[in-house]
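S.K.: Structure file run.tsv (TSV, C-alpha atoms) is given on the next line.
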```
chain	number	residue	atom	x	y	z
A	1	MET	CA	-18.41	17.77	29.20
A	2	THR	CA	-19.09	19.84	32.34
A	3	GLY	CA	-16.19	20.74	34.63
A	4	ASN	CA	-14.20	17.56	35.15
A	5	ARG	CA	-17.08	15.24	34.26
A	6	MET	CA	-17.73	13.64	30.86
A	7	THR	CA	-21.15	12.27	29.89
A	8	PRO	CA	-21.34	9.60	27.16
A	9	TYR	CA	-23.93	10.04	24.41
A	10	ASN	CA	-24.19	6.72	22.60
A	11	ILE	CA	-26.78	5.36	20.18
A	12	GLN	CA	-28.14	1.87	19.63
A	13	ILE	CA	-28.02	0.32	16.18
A	14	ASN	CA	-30.61	-2.43	15.61
A	15	GLY	CA	-31.24	-2.61	19.34
A	16	GLN	CA	-27.67	-2.80	20.56
A	17	PHE	CA	-24.66	-0.60	21.16
A	18	GLU	CA	-21.94	-1.04	18.52
A	19	ASP	CA	-18.45	-0.15	19.72
A	20	GLY	CA	-15.93	1.09	17.18
A	21	VAL	CA	-13.44	3.80	16.21
A	22	THR	CA	-14.73	7.34	15.81
A	23	SER	CA	-14.23	10.45	13.68
A	24	VAL	CA	-16.14	13.75	13.70
A	25	ALA	CA	-17.17	15.83	10.66
A	26	ASP	CA	-20.14	17.74	9.27
A	27	ILE	CA	-21.19	15.22	6.63
A	28	ASP	CA	-24.69	16.63	6.03
A	29	GLN	CA	-23.38	20.23	5.74
A	30	ASN	CA	-25.79	21.75	8.25
A	31	GLY	CA	-23.11	23.42	10.33
A	32	ILE	CA	-23.30	20.84	13.14
A	33	LEU	CA	-20.64	18.18	13.63
A	34	ASP	CA	-21.68	14.56	13.21
A	35	VAL	CA	-20.13	11.43	14.71
A	36	ILE	CA	-18.93	8.72	12.30
A	37	VAL	CA	-18.15	5.27	13.73
A	38	SER	CA	-16.63	2.24	12.02
A	39	VAL	CA	-17.21	-1.15	13.65
A	40	GLN	CA	-15.12	-4.20	12.77
A	41	GLY	CA	-17.86	-6.66	13.64
A	42	PHE	CA	-16.59	-9.28	16.09
A	43	ASP	CA	-19.56	-11.61	15.65
A	44	SER	CA	-21.28	-9.87	12.75
A	45	ASP	CA	-20.54	-7.95	9.57
A	46	PRO	CA	-18.58	-4.66	9.60
A	47	LEU	CA	-20.63	-1.52	10.06
A	48	VAL	CA	-20.30	2.23	9.50
A	49	TYR	CA	-22.84	4.52	11.15
A	50	THR	CA	-23.24	8.25	11.64
A	51	TYR	CA	-25.27	10.21	14.18
A	52	TYR	CA	-25.61	13.67	15.70
A	53	LEU	CA	-26.84	15.15	18.98
A	54	ASN	CA	-30.29	16.75	18.87
A	55	ASN	CA	-30.72	18.64	22.16
A	56	GLY	CA	-28.51	16.08	23.83
A	57	ILE	CA	-30.33	13.09	22.29
A	58	PRO	CA	-28.35	10.96	19.79
A	59	SER	CA	-30.16	10.80	16.42
A	60	LEU	CA	-29.11	8.38	13.68
A	61	LEU	CA	-28.23	9.82	10.27
A	62	ALA	CA	-27.22	6.87	8.13
A	63	THR	CA	-25.48	3.49	8.07
A	64	ALA	CA	-23.50	1.32	5.65
A	65	ASN	CA	-22.41	-2.31	5.69
A	66	PRO	CA	-19.09	-2.92	3.95
A	67	ALA	CA	-18.80	-6.47	2.66
A	68	ALA	CA	-16.30	-8.68	4.47
A	69	ASN	CA	-14.80	-12.01	3.58
A	70	PRO	CA	-16.63	-14.69	5.60
A	71	ASN	CA	-14.23	-16.67	7.77
A	72	SER	CA	-14.04	-18.34	11.14
A	73	GLY	CA	-11.56	-15.80	12.48
A	74	LEU	CA	-13.87	-12.81	12.73
A	75	ARG	CA	-12.13	-11.61	15.88
A	76	SER	CA	-8.90	-11.06	13.96
A	77	ARG	CA	-10.55	-8.71	11.46
A	78	SER	CA	-9.77	-5.00	11.65
A	79	ILE	CA	-11.42	-1.90	10.25
A	80	THR	CA	-9.84	1.50	9.88
A	81	LEU	CA	-10.76	4.78	11.45
A	82	PRO	CA	-13.15	6.71	9.17
A	83	THR	CA	-11.06	9.16	7.12
A	84	ILE	CA	-13.21	12.09	6.02
A	85	GLY	CA	-12.51	14.80	3.48
A	86	LYS	CA	-13.38	16.33	0.13
A	87	ILE	CA	-12.08	14.17	-2.72
A	88	ASN	CA	-14.10	15.61	-5.62
A	89	PHE	CA	-15.65	18.90	-6.70
A	90	GLY	CA	-19.36	18.06	-6.71
A	91	GLN	CA	-20.13	16.23	-3.49
A	92	SER	CA	-19.65	17.04	0.17
A	93	ALA	CA	-17.28	15.18	2.45
A	94	THR	CA	-16.51	11.55	1.64
A	95	ILE	CA	-16.08	8.86	4.30
A	96	ILE	CA	-13.30	6.39	3.48
A	97	ILE	CA	-12.65	3.17	5.40
A	98	SER	CA	-10.81	-0.07	4.75
A	99	VAL	CA	-11.74	-3.57	5.86
A	100	ASP	CA	-10.19	-6.89	4.83
A	101	SER	CA	-8.50	-6.16	1.46
A	102	LYS	CA	-10.81	-3.44	0.19
A	103	MET	CA	-11.17	0.32	0.57
A	104	TYR	CA	-14.68	1.85	0.57
A	105	ALA	CA	-15.73	5.44	-0.14
A	106	TYR	CA	-19.18	6.63	1.02
A	107	PHE	CA	-21.07	9.90	1.01
A	108	TYR	CA	-24.28	11.09	2.66
A	109	ASP	CA	-27.14	11.71	0.20
A	110	GLY	CA	-29.90	12.60	2.68
A	111	THR	CA	-31.23	9.06	3.12
A	112	ASN	CA	-30.68	6.67	6.02
A	113	LYS	CA	-28.13	4.69	4.00
A	114	LEU	CA	-24.68	6.01	3.18
A	115	ARG	CA	-24.21	5.84	-0.57
A	116	GLU	CA	-21.22	3.88	-1.85
A	117	LYS	CA	-19.10	5.93	-4.26
A	118	TRP	CA	-16.49	3.31	-5.13
A	119	THR	CA	-14.38	0.45	-3.80
A	120	LEU	CA	-10.70	-0.30	-4.33
A	121	THR	CA	-9.03	-3.67	-3.81
A	122	HIS	CA	-5.60	-3.63	-2.15
A	123	THR	CA	-3.19	-6.01	-0.42
A	124	ASP	CA	-3.75	-5.12	3.25
A	125	SER	CA	-5.50	-8.35	4.22
A	126	SER	CA	-5.92	-7.29	7.86
A	127	GLY	CA	-7.72	-4.06	6.97
A	128	SER	CA	-5.78	-2.19	9.66
A	129	ALA	CA	-3.54	0.15	7.61
A	130	GLU	CA	-4.94	3.67	7.92
A	131	ILE	CA	-5.67	6.21	5.15
A	132	THR	CA	-4.33	9.75	4.70
A	133	LEU	CA	-5.72	12.66	2.64
A	134	PHE	CA	-3.92	15.74	1.30
A	135	ASP	CA	-4.37	18.16	-1.61
A	136	PHE	CA	-0.94	17.80	-3.22
A	137	ASN	CA	-1.56	19.85	-6.38
A	138	GLY	CA	-3.64	22.62	-4.79
A	139	ASP	CA	-6.79	22.12	-6.87
A	140	GLY	CA	-9.14	22.08	-3.87
A	141	ILE	CA	-9.67	18.31	-3.64
A	142	ASN	CA	-7.66	15.77	-1.67
A	143	GLU	CA	-5.67	12.88	-3.03
A	144	ILE	CA	-5.52	9.62	-1.04
A	145	VAL	CA	-2.22	8.24	0.25
A	146	PHE	CA	-2.31	4.58	1.29
A	147	ARG	CA	0.37	2.01	2.09
A	148	ASP	CA	-0.75	-1.63	2.14
A	149	GLU	CA	1.39	-4.76	2.46
A	150	THR	CA	3.20	-4.25	-0.85
A	151	HIS	CA	2.98	-0.66	-2.16
A	152	ILE	CA	2.62	3.00	-1.29
A	153	ARG	CA	-0.11	4.44	-3.51
A	154	LEU	CA	-1.21	7.94	-4.48
A	155	ILE	CA	-4.88	7.68	-5.48
A	156	ASP	CA	-7.34	9.97	-7.24
A	157	GLY	CA	-10.78	9.20	-5.78
A	158	SER	CA	-12.72	11.97	-7.54
A	159	ALA	CA	-14.46	9.87	-10.19
A	160	SER	CA	-16.93	6.99	-9.91
A	161	ALA	CA	-13.96	4.61	-9.92
A	162	PRO	CA	-10.68	5.35	-8.11
A	163	ARG	CA	-7.50	5.77	-10.14
A	164	VAL	CA	-4.05	4.90	-8.84
A	165	ILE	CA	-1.96	7.88	-9.97
A	166	HIS	CA	1.26	6.15	-9.09
A	167	GLN	CA	2.61	3.47	-6.79
A	168	LEU	CA	6.01	2.32	-5.58
A	169	PRO	CA	7.04	-0.86	-3.73
A	170	CYS	CA	6.85	-0.45	0.05
A	171	PHE	CA	6.48	-3.66	2.03
A	172	SER	CA	4.90	-3.96	5.46
A	173	PRO	CA	3.09	-6.50	7.64
A	174	THR	CA	0.84	-3.46	8.52
A	175	TYR	CA	-0.84	-2.64	11.78
A	176	THR	CA	-2.49	0.74	12.32
A	177	GLU	CA	0.21	2.96	10.82
A	178	TYR	CA	-0.45	5.50	8.07
A	179	PRO	CA	1.49	7.96	5.88
A	180	ILE	CA	2.33	11.21	7.66
A	181	ILE	CA	2.35	14.40	5.56
A	182	GLY	CA	4.27	17.57	6.30
A	183	ASP	CA	7.22	19.78	5.45
A	184	LEU	CA	9.81	17.14	6.28
A	185	ASP	CA	12.89	18.80	4.78
A	186	ASN	CA	12.41	22.54	5.44
A	187	THR	CA	11.47	23.31	1.83
A	188	GLY	CA	7.97	24.49	2.75
A	189	GLU	CA	6.46	21.81	0.47
A	190	ALA	CA	4.53	18.67	1.36
A	191	LYS	CA	6.11	15.26	1.42
A	192	PHE	CA	4.89	12.07	3.07
A	193	CYS	CA	6.68	9.40	5.05
A	194	VAL	CA	5.93	5.89	6.20
A	195	THR	CA	7.92	2.81	7.16
A	196	CYS	CA	8.90	0.42	4.34
A	197	ALA	CA	10.34	-3.03	4.98
A	198	LEU	CA	13.57	-3.81	3.16
A	199	SER	CA	11.95	-6.75	1.35
A	200	GLU	CA	8.92	-9.01	1.55
A	201	ARG	CA	10.94	-11.39	3.74
A	202	SER	CA	12.44	-8.87	6.14
A	203	GLY	CA	9.51	-9.07	8.56
A	204	GLY	CA	9.36	-6.09	10.87
A	205	TYR	CA	12.76	-4.67	9.86
A	206	SER	CA	12.11	-1.47	7.95
A	207	LYS	CA	13.22	2.09	7.25
A	208	LEU	CA	11.34	5.32	7.60
A	209	THR	CA	10.97	6.38	3.97
A	210	ILE	CA	10.04	9.80	2.62
A	211	PHE	CA	8.25	10.27	-0.70
A	212	GLY	CA	8.10	13.49	-2.70
A	213	PRO	CA	7.67	14.89	-6.23
A	214	LEU	CA	10.18	14.45	-9.00
A	215	GLU	CA	13.12	16.82	-9.20
A	216	GLY	CA	11.96	20.17	-10.55
A	217	GLN	CA	8.32	19.55	-9.64
A	218	HIS	CA	6.51	20.85	-6.59
A	219	TRP	CA	3.69	19.83	-4.27
A	220	ALA	CA	1.50	22.15	-2.23
A	221	PRO	CA	2.85	23.88	0.90
A	222	ALA	CA	2.75	22.06	4.22
A	223	ARG	CA	3.77	22.77	7.78
A	224	GLY	CA	6.54	20.96	9.60
A	225	GLU	CA	8.04	21.13	13.07
A	226	TYR	CA	11.58	20.33	12.01
A	227	GLY	CA	13.70	19.44	8.99
A	228	ILE	CA	15.34	16.13	8.16
A	229	ASN	CA	18.59	15.84	6.23
A	230	ILE	CA	17.97	13.58	3.23
A	231	PRO	CA	21.17	13.12	1.25
A	232	THR	CA	20.33	10.10	-0.87
A	233	ILE	CA	17.61	9.62	-3.49
A	234	HIS	CA	17.31	5.94	-4.32
A	235	SER	CA	14.69	5.87	-7.06
A	236	LEU	CA	12.67	8.12	-9.32
A	237	SER	CA	9.41	7.52	-11.13
A	238	THR	CA	7.98	9.13	-14.24
A	239	MET	CA	4.31	9.94	-14.70
A	240	ILE	CA	2.26	12.28	-16.87
A	241	SER	CA	0.48	14.51	-14.34
A	242	PRO	CA	2.76	17.24	-12.92
A	243	CYS	CA	2.82	17.75	-9.13
A	244	ARG	CA	1.54	14.21	-8.54
A	245	ASN	CA	4.61	12.13	-9.34
A	246	ILE	CA	6.44	10.33	-6.57
A	247	ARG	CA	10.10	9.86	-5.83
A	248	LYS	CA	11.33	7.72	-2.96
A	249	ILE	CA	13.90	9.15	-0.56
A	250	MET	CA	15.52	6.78	1.91
A	251	LEU	CA	16.73	8.12	5.24
A	252	PRO	CA	20.36	7.25	6.00
A	253	THR	CA	20.93	4.21	8.21
```
Would you mind writing the file's structure down as structure tokens?

M.R.:
Amino acid sequence: MTGNRMTPYNIQINGQFEDGVTSVADIDQNGILDVIVSVQGFDSDPLVYTYYLNNGIPSLLATANPAANPNSGLRSRSITLPTIGKINFGQSATIIISVDSKMYAYFYDGTNKLREKWTLTHTDSSGSAEITLFDFNGDGINEIVFRDETHIRLIDGSASAPRVIHQLPCFSPTYTEYPIIGDLDNTGEAKFCVTCALSERSGGYSKLTIFGPLEGQHWAPARGEYGINIPTIHSLSTMISPCRNIRKIMLPT
């Protein structure tokens, strides 16, 4: 960008430009930001590709092709924005996307193909519900928060196979919404919120719902712009790992 002018720097993949949704991160850990693009694939398979600018010239780093269910309605398929963060101790940043009813985690290993770390099947058939990362227990790696059509899930993605730490019912037809994390009640601690439909049959009617740790347990600090009065706790859950359990807090009608 120079003054009030912006110059596009795009790259061709297999001889054509592939439009998609974009994130930026240093996935090869060389101190220079890379561009990560996820493409839903209108008339072809979904695609994830990464590139960087070398003296103003786009240079391809790596690509991946998430599998998609073949169907005649390719134009209705969605793919999420690449969510990028550290989800384990050994590797660099992980790229997480969702398409159809499956979540994919990739990392860059120095080759021209992104390496698949794991996949996770879920109930978001459109593949449009976005993914959120946050380090709830302060151990230096992020947990994954994801709400599909039936549940809100807290996921540990650090191993070769993802583990659902806990889940609670949270219905939604889904679009491009995602859990928002912050200090939502002026306690200084993280909680996350998302809309939850009242039932599977309630369609778009839903409540903004806040989730937090069990009473007496604590999640890592988070920032928040304002507090919300939350007088009623509707359900509690019990799990083994401290600081990772979820309780559901419904906002008053």

S.K.: Check the smallest atom-to-atom distance from each of A:Gln217, A:Thr94, A:Ser59, A:Ser101 to Glu116 in chain A using all atoms listed in the file, then report the winner.

M.R.: A:Thr94

S.K.: Report, in Å to a single decimal, how far apart CA of Asp183 in chain A and CA of Ala222 in chain A are.

M.R.: 5.2 Å

S.K.: What's around range 31-48 of chain A at 8 Å? Count only C-alpha atoms, leave out sequence neighbours fewer than 6 positions away in its own chain, and write the answer as an MDAnalysis selection string.

M.R.: chainID A and resid 18:25 63:68 74:75 77:82 97 99

S.K.: Of the candidates A:Pro173, A:Gly3, A:Pro8, A:Gly157, which one gets nearest to Asp135 in chain A if we count all atoms listed in the file?

M.R.: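 Distance minimum relative to Asp135 in chain A lands on A:Gly157.
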
S.K.: For a test of reading the model, state the distance in Å between CA of Met103 in chain A and CA of His218 in chain A, rounded to one decimal.

M.R.: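 These two atoms are separated by 28.0 Å.
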
S.K.: Would you mind reading off the distance between CA of Tyr52 in chain A and CA of Lys113 in chain A, one decimal, in Å?

M.R.: 15.0 Å

S.K.: Given the point (-8.3, 4.1, 2.3) in the coordinates of this file, which residues lie within 12 Å, counting all atoms listed in the file, and how would they look as a VMD selection string?

M.R.: chain A and resid 79 to 85 87 94 to 106 118 to 124 127 to 133 143 to 148 152 to 157 162 164 178 to 179

S.K.: Let me make sure I understand: among A:Arg163, A:Asp139, A:Tyr9, A:Ala93, which one has the smallest atom-to-atom distance to Asn55 in chain A if we use only C-alpha atoms?

M.R.: A:Tyr9

S.K.: Compare A:Phe211, A:His151, A:Leu168, A:Ser158 by their minimum atom-to-atom distance to Ile180 in chain A, counting all atoms listed in the file, and give me the closest one.

M.R.: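 Ranking A:Phe211, A:His151, A:Leu168, A:Ser158 by distance to Ile180 in chain A, first place goes to A:Phe211.
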
S.K.: Could you check which of A:Gly56, A:Leu198, A:Met6, A:Leu61 is closest to Asn112 in chain A, using all atoms listed in the file?

M.R.: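 Among the listed residues, A:Leu61 lies closest to Asn112 in chain A.
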
S.K.: Which of these residues is nearest to Glu177 in chain A, using only C-alpha atoms: A:Tyr49, A:Arg223, A:Gly140, A:Cys196?

M.R.: A:Cys196
